[in-house]
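File shown: upload10.cif (mmCIF, C-alpha atoms).
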```
data_protein
#
loop_
_atom_site.label_atom_id
_atom_site.label_comp_id
_atom_site.auth_asym_id
_atom_site.auth_seq_id
_atom_site.Cartn_x
_atom_site.Cartn_y
_atom_site.Cartn_z
CA MET U 28 -225.67 -158.24 -145.90
CA THR U 29 -222.95 -160.71 -146.87
CA GLY U 30 -219.92 -160.90 -149.12
CA PRO U 31 -217.55 -158.05 -149.99
CA GLU U 32 -220.13 -155.35 -149.17
CA ALA U 33 -220.45 -156.65 -145.61
CA GLU U 34 -216.68 -156.75 -145.22
CA LEU U 35 -216.29 -153.16 -146.38
CA ALA U 36 -219.10 -152.02 -144.07
CA ALA U 37 -217.13 -153.44 -141.13
CA GLY U 38 -214.10 -151.28 -141.84
CA SER U 39 -211.79 -149.88 -144.49
CA PRO U 40 -208.44 -150.95 -145.97
CA THR U 41 -206.61 -148.19 -144.05
CA ASP U 42 -207.89 -149.29 -140.63
CA THR U 43 -204.68 -151.28 -140.07
CA TRP U 44 -201.23 -151.37 -141.60
CA ALA U 45 -197.97 -153.29 -141.50
CA PHE U 46 -194.31 -152.99 -142.43
CA LEU U 47 -191.30 -155.23 -142.07
CA LEU U 48 -188.67 -154.81 -139.37
CA PRO U 49 -185.62 -157.02 -138.92
CA PRO U 50 -185.12 -159.17 -135.82
CA GLY U 51 -183.91 -157.22 -132.82
CA TRP U 52 -186.67 -154.59 -132.85
CA ALA U 53 -189.73 -154.35 -130.60
CA ARG U 54 -192.98 -152.39 -130.73
CA PHE U 55 -194.16 -150.85 -127.45
CA PRO U 56 -197.85 -149.75 -127.49
CA THR U 57 -198.31 -146.57 -125.46
CA GLY U 58 -201.07 -144.41 -124.04
CA ALA U 59 -204.08 -144.74 -121.80
CA LEU U 60 -205.84 -148.11 -121.61
CA ARG U 61 -202.93 -149.90 -123.31
CA GLU U 62 -201.05 -150.96 -120.18
CA LYS U 63 -201.71 -154.67 -120.77
CA GLU U 64 -200.39 -154.46 -124.35
CA LEU U 65 -197.32 -152.59 -123.16
CA ASP U 66 -196.69 -155.09 -120.34
CA ALA U 67 -196.94 -157.98 -122.82
CA ALA U 68 -194.38 -156.36 -125.13
CA VAL U 69 -192.04 -155.58 -122.24
CA ASP U 70 -192.31 -159.12 -120.88
CA GLU U 71 -191.47 -160.57 -124.29
CA VAL U 72 -188.43 -158.33 -124.70
CA VAL U 73 -187.20 -159.16 -121.18
CA ALA U 74 -187.65 -162.87 -121.84
CA ARG U 75 -185.50 -162.61 -124.97
CA ALA U 76 -182.76 -160.53 -123.31
CA PRO U 77 -179.60 -162.46 -122.32
CA SER U 78 -179.69 -160.85 -118.88
CA GLY U 79 -183.42 -160.29 -118.58
CA ASP U 80 -184.38 -159.19 -115.10
CA ASP U 81 -186.77 -156.99 -113.17
CA ALA U 82 -184.48 -153.95 -113.55
CA LEU U 83 -184.84 -154.06 -117.34
CA ARG U 84 -188.60 -154.56 -117.04
CA THR U 85 -188.89 -151.59 -114.68
CA ALA U 86 -186.75 -149.36 -116.92
CA LEU U 87 -188.78 -150.16 -120.03
CA ARG U 88 -192.11 -149.54 -118.30
CA ALA U 89 -190.86 -146.24 -116.88
CA ALA U 90 -189.60 -145.12 -120.31
CA PHE U 91 -193.14 -145.18 -121.73
CA ALA U 92 -195.12 -144.17 -118.65
CA ASP U 93 -195.91 -140.67 -119.93
CA ALA U 94 -196.01 -141.38 -123.66
CA GLY U 95 -199.07 -140.40 -125.65
CA ILE U 96 -201.35 -142.78 -127.53
CA GLY U 97 -199.50 -144.64 -130.26
CA ALA U 98 -196.46 -146.87 -130.27
CA VAL U 99 -192.68 -146.67 -130.06
CA TYR U 100 -190.38 -149.07 -131.92
CA LEU U 101 -186.90 -149.59 -130.46
CA PRO U 102 -183.93 -151.79 -131.32
CA THR U 103 -183.51 -154.20 -128.45
CA ALA U 104 -180.40 -156.06 -129.60
CA PRO U 105 -176.98 -154.76 -130.68
CA VAL U 106 -175.79 -155.05 -134.27
CA ALA U 107 -172.16 -156.14 -134.66
CA GLY U 108 -171.74 -155.47 -130.96
CA MET U 109 -172.98 -151.88 -131.25
CA ALA U 110 -176.18 -150.38 -129.84
CA VAL U 111 -178.37 -148.94 -132.61
CA PRO U 112 -179.07 -145.22 -131.90
CA ALA U 113 -182.52 -145.09 -133.45
CA SER U 114 -186.24 -145.19 -132.74
CA ILE U 115 -189.56 -145.09 -134.62
CA THR U 116 -192.75 -143.54 -133.27
CA GLU U 117 -196.27 -144.21 -134.51
CA SER U 118 -199.16 -141.81 -133.95
CA GLU U 119 -202.39 -140.65 -135.59
CA VAL U 120 -204.03 -137.32 -136.35
CA PHE U 121 -207.81 -136.99 -136.63
CA GLY U 122 -210.24 -134.44 -138.05
CA GLU U 123 -207.82 -132.65 -140.38
CA THR U 124 -210.01 -132.55 -143.48
CA GLY U 125 -209.14 -130.79 -146.72
CA ARG U 126 -205.46 -130.57 -145.80
CA HIS U 127 -202.41 -131.20 -147.96
CA PRO U 128 -200.03 -133.84 -146.54
CA ALA U 129 -197.27 -131.22 -146.19
CA GLU U 130 -199.62 -128.99 -144.16
CA VAL U 131 -200.42 -131.82 -141.77
CA ALA U 132 -196.73 -132.67 -141.52
CA ALA U 133 -195.91 -129.05 -140.64
CA GLN U 134 -198.56 -129.12 -137.92
CA VAL U 135 -197.32 -132.41 -136.48
CA LEU U 136 -193.71 -131.22 -136.46
CA GLY U 137 -194.50 -127.79 -135.02
CA GLU U 138 -193.40 -125.84 -138.10
CA PRO U 139 -195.68 -122.76 -137.96
CA ASP U 140 -194.27 -121.33 -141.20
CA GLY U 141 -194.76 -124.58 -143.09
CA LEU U 142 -192.18 -126.83 -144.69
CA ASP U 143 -189.43 -125.90 -147.11
CA GLN U 144 -190.74 -127.09 -150.47
CA SER U 145 -187.78 -125.92 -152.55
CA ALA U 146 -186.40 -129.40 -153.10
CA VAL U 147 -189.79 -130.62 -154.25
CA GLN U 148 -189.70 -128.07 -157.07
CA ASP U 149 -186.06 -128.90 -157.86
CA GLN U 150 -186.18 -132.56 -158.84
CA SER U 151 -182.38 -132.80 -158.99
CA ALA U 152 -182.26 -131.82 -155.31
CA VAL U 153 -184.84 -134.47 -154.43
CA GLN U 154 -182.76 -137.10 -156.17
CA ASP U 155 -179.69 -135.95 -154.25
CA ARG U 156 -180.78 -137.43 -150.92
CA THR U 157 -177.53 -136.41 -149.21
CA ALA U 158 -178.12 -132.74 -149.97
CA VAL U 159 -181.70 -133.02 -148.74
CA GLN U 160 -180.62 -134.57 -145.45
CA ASP U 161 -178.07 -131.86 -144.76
CA ARG U 162 -180.77 -129.20 -144.60
CA SER U 163 -181.42 -128.15 -141.01
CA ALA U 164 -184.96 -126.90 -141.69
CA GLY U 165 -187.99 -129.10 -142.27
CA LEU U 166 -187.96 -130.28 -145.89
CA GLY U 167 -190.99 -131.99 -147.40
CA GLU U 168 -191.40 -134.13 -150.48
CA PRO U 169 -194.53 -135.96 -151.72
CA VAL U 170 -194.70 -139.74 -151.35
CA ASP U 171 -197.14 -142.53 -152.08
CA LEU U 172 -197.64 -145.19 -149.41
CA ASP U 173 -199.45 -148.18 -150.86
CA GLY U 174 -201.70 -145.96 -152.96
CA ARG U 175 -202.33 -143.20 -150.44
CA PRO U 176 -200.90 -139.65 -150.66
CA GLY U 177 -198.42 -138.49 -148.07
CA ALA U 178 -195.31 -136.45 -147.35
CA ARG U 179 -191.79 -137.38 -146.28
CA VAL U 180 -190.10 -134.76 -144.13
CA VAL U 181 -186.45 -134.60 -143.05
CA ARG U 182 -185.20 -132.38 -140.21
CA THR U 183 -181.72 -132.14 -138.72
CA ARG U 184 -181.08 -130.59 -135.31
CA HIS U 185 -177.66 -129.65 -133.93
CA ASP U 186 -176.83 -129.26 -130.25
CA VAL U 187 -174.22 -126.48 -130.27
CA HIS U 188 -173.19 -124.81 -127.02
CA ARG U 189 -171.33 -121.89 -128.55
CA GLU U 190 -171.66 -119.98 -131.80
CA GLY U 191 -169.48 -121.42 -134.53
CA GLY U 192 -168.64 -124.48 -132.47
CA ARG U 193 -168.84 -128.06 -133.68
CA PRO U 194 -172.13 -129.74 -132.67
CA LEU U 195 -171.79 -131.87 -129.56
CA SER U 196 -174.49 -134.09 -131.01
CA SER U 197 -176.99 -133.98 -133.83
CA THR U 198 -180.36 -135.59 -134.48
CA ARG U 199 -181.91 -136.46 -137.81
CA GLU U 200 -185.67 -137.02 -137.98
CA VAL U 201 -187.44 -138.56 -140.95
CA THR U 202 -191.23 -138.39 -140.76
CA TYR U 203 -193.82 -139.92 -143.06
CA VAL U 204 -197.34 -138.47 -142.88
CA VAL U 205 -199.96 -140.33 -144.93
CA SER U 206 -203.69 -139.85 -145.43
CA ARG U 207 -205.89 -142.65 -144.08
CA ASP U 208 -209.32 -141.12 -144.78
CA GLU U 209 -209.95 -137.88 -146.68
CA VAL U 210 -213.57 -137.59 -145.55
CA ALA U 211 -212.83 -137.99 -141.83
CA GLY U 212 -209.45 -136.24 -142.07
CA ASP U 213 -207.51 -139.11 -140.48
CA TRP U 214 -203.74 -139.36 -140.88
CA LEU U 215 -201.00 -141.80 -139.88
CA VAL U 216 -197.62 -140.47 -138.74
CA LEU U 217 -194.48 -142.62 -138.62
CA SER U 218 -191.33 -140.83 -137.49
CA PHE U 219 -187.76 -142.11 -137.34
CA SER U 220 -185.01 -140.52 -135.24
CA THR U 221 -181.27 -141.16 -134.98
CA ARG U 222 -178.37 -139.33 -133.29
CA TRP U 223 -174.65 -138.93 -133.89
CA ASP U 224 -171.70 -137.16 -132.25
CA SER U 225 -168.75 -137.91 -134.54
CA PRO U 226 -167.97 -138.31 -138.26
CA GLY U 227 -168.10 -142.09 -137.85
CA THR U 228 -171.49 -142.13 -136.15
CA GLU U 229 -172.77 -139.56 -138.66
CA ARG U 230 -172.11 -142.09 -141.43
CA LEU U 231 -173.99 -144.66 -139.37
CA ALA U 232 -176.91 -142.23 -139.01
CA ALA U 233 -177.06 -141.77 -142.79
CA THR U 234 -177.15 -145.55 -143.21
CA LEU U 235 -179.93 -145.82 -140.63
CA VAL U 236 -182.00 -143.23 -142.54
CA ASP U 237 -181.65 -145.41 -145.64
CA PHE U 238 -182.72 -148.37 -143.48
CA PHE U 239 -185.91 -146.57 -142.41
CA ASP U 240 -186.75 -145.62 -146.00
CA ALA U 241 -186.31 -149.28 -146.92
CA VAL U 242 -188.67 -150.26 -144.08
CA MET U 243 -191.25 -147.77 -145.34
CA ALA U 244 -190.96 -149.27 -148.82
CA THR U 245 -192.54 -152.42 -147.33
CA PHE U 246 -195.51 -150.46 -145.87
CA ARG U 247 -198.91 -151.99 -146.73
CA TRP U 248 -202.50 -151.31 -145.68
CA THR U 249 -204.00 -154.47 -144.21
CA GLY U 250 -207.56 -153.50 -143.21
CA PRO U 251 -210.82 -154.96 -144.61
CA GLY U 252 -210.80 -154.90 -148.41
CA ALA U 253 -207.04 -154.42 -148.72
CA SER U 254 -205.02 -156.73 -150.93
CA PRO U 255 -201.49 -156.37 -149.62
CA VAL U 256 -198.62 -158.10 -151.34
CA SER U 257 -197.77 -161.18 -149.29
CA LEU U 258 -195.36 -160.30 -146.50
CA PRO U 259 -193.31 -162.85 -144.56
CA GLU U 260 -194.98 -163.97 -141.34
CA ARG U 261 -192.48 -162.18 -139.12
CA THR U 262 -193.48 -160.25 -136.02
CA VAL U 263 -191.63 -158.23 -133.43
CA PRO U 264 -192.52 -158.09 -129.73
CA GLY U 265 -195.54 -155.87 -129.26
CA SER U 266 -196.91 -156.34 -132.77
CA ALA U 267 -200.68 -156.02 -133.05
#
```
Here is the file; what I need is its structure written in the form of structure tokens.
Amino acid sequence: MTGPEAELAAGSPTDTWAFLLPPGWARFPTGALREKELDAAVDEVVARAPSGDDALRTALRAAFADAGIGAVYLPTAPVAGMAVPASITESEVFGETGRHPAEVAAQVLGEPDGLDQSAVQDQSAVQDRTAVQDRSAGLGEPVDLDGRPGARVVRTRHDVHREGGRPLSSTREVTYVVSRDEVAGDWLVLSFSTRWDSPGTERLAATLVDFFDAVMATFRWTGPGASPVSLPERTVPGSA
């Protein structure tokens, strides 16, 4: 068999994917049997660091020693002299057939009672992204990622040591869950996390959430049979 039929038999468009990240980020493959990929990414980051040394290499390897199968994206260079308090994790879910994206998202995020869908019904609330982000519970809204159905979920967590006290720090998580294969029940999960501990860093966190949404707007499937819009040939350390 030759031609397009042979190409499709070898895989599907959702086998691989890509999105754009600016310079200063790195992808660290994690999990069993991926030590060589992780070492290559770490070595590349250390080589680019102004003060690259064995201590940095050891710290990076230790940070991902117990991570599950997937990948972690981290900023490895400061912006305007400031460290970027953010990360992106990549993982997959298999065998979840006949599920709605919001149901899979609730499972991934450990929300036994499901996600708050109120803002999905109230379109004005969905358009008011600030109001959505200020919700502390999991909040899901439907999304389309390069033609595939998914859900975008926002959760905010506050670390408060006493009732009524101001949070010592807060974390905002934005997670995209998208269907890769309805028949097999395969899903891709990309989750962004950022922290803040002051009004100034809270504004930075809101900007970083917008940054992640902009990154996800560049998401494209790149497997056999896909026809992604041309993306610049830019890679980050650890890219597949």
So which residues get picked by the PyMOL selection byres ((chain U and resi 103) around 9) here, written as a PyMOL selection string? chain U and resi 51-53+72+76+101-102+104-105+110-111
Mind telling me what the PyMOL selection byres ((chain U and resi 196) around 6) catches here, as a VMD selection string? chain U and resid 186 194 to 195 197 223 to 224
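Remark: for Leu235 (chain U), the closest of the candidate residues U:Val170, U:Ala211, U:Ala129, U:Ala113 is U:Ala113 (distances computed over only C-alpha atoms).
For the file shown, the residue list from the PyMOL selection byres ((chain U and resi 238) around 12) reads Leu47, Leu48, Pro49, Val111, Ala113, Ser114, Ile115, Val201, Phe219, Ser220, Thr221, Leu231, Ala232, Ala233, Thr234, Leu235, Val236, Asp237, Phe239, Asp240, Ala241, Val242, Met243, Ala244 and Thr245 of chain U.
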Pick from U:Arg182, U:His127, U:Arg61, U:Arg84 nearest to Gly97 (chain U), counting all atoms listed in the file: U:Arg61
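Straight-line separation from CA of Pro50 (chain U) to CA of Val205 (chain U): 25.7 Å.
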Please, what distance in Å, to one decimal, runs between CA of Pro40 (chain U) and CA of Val180 (chain U)? 24.5 Å
So how far away is CA of Thr183 (chain U) from CA of Glu200 (chain U), in Å? 6.3 Å
Can you list, as a PyMOL selection string, every protein, DNA or RNA residue that comes within 10 Å of Ala253 (chain U) when you count all atoms listed in the file, leaving out same-chain residues fewer than 3 positions away? chain U and resi 35+39-44+247-250+256
Would you please work out which residue, of U:Gly177, U:Pro226, U:Gly58, U:Pro251, is nearest to Ala94 (chain U) when using only C-alpha atoms? U:Gly58
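The smallest atom-to-atom distance between Thr202 (chain U) and any of U:Leu172, U:Leu83, U:Leu136, U:Val69, using only C-alpha atoms, is found for U:Leu136.
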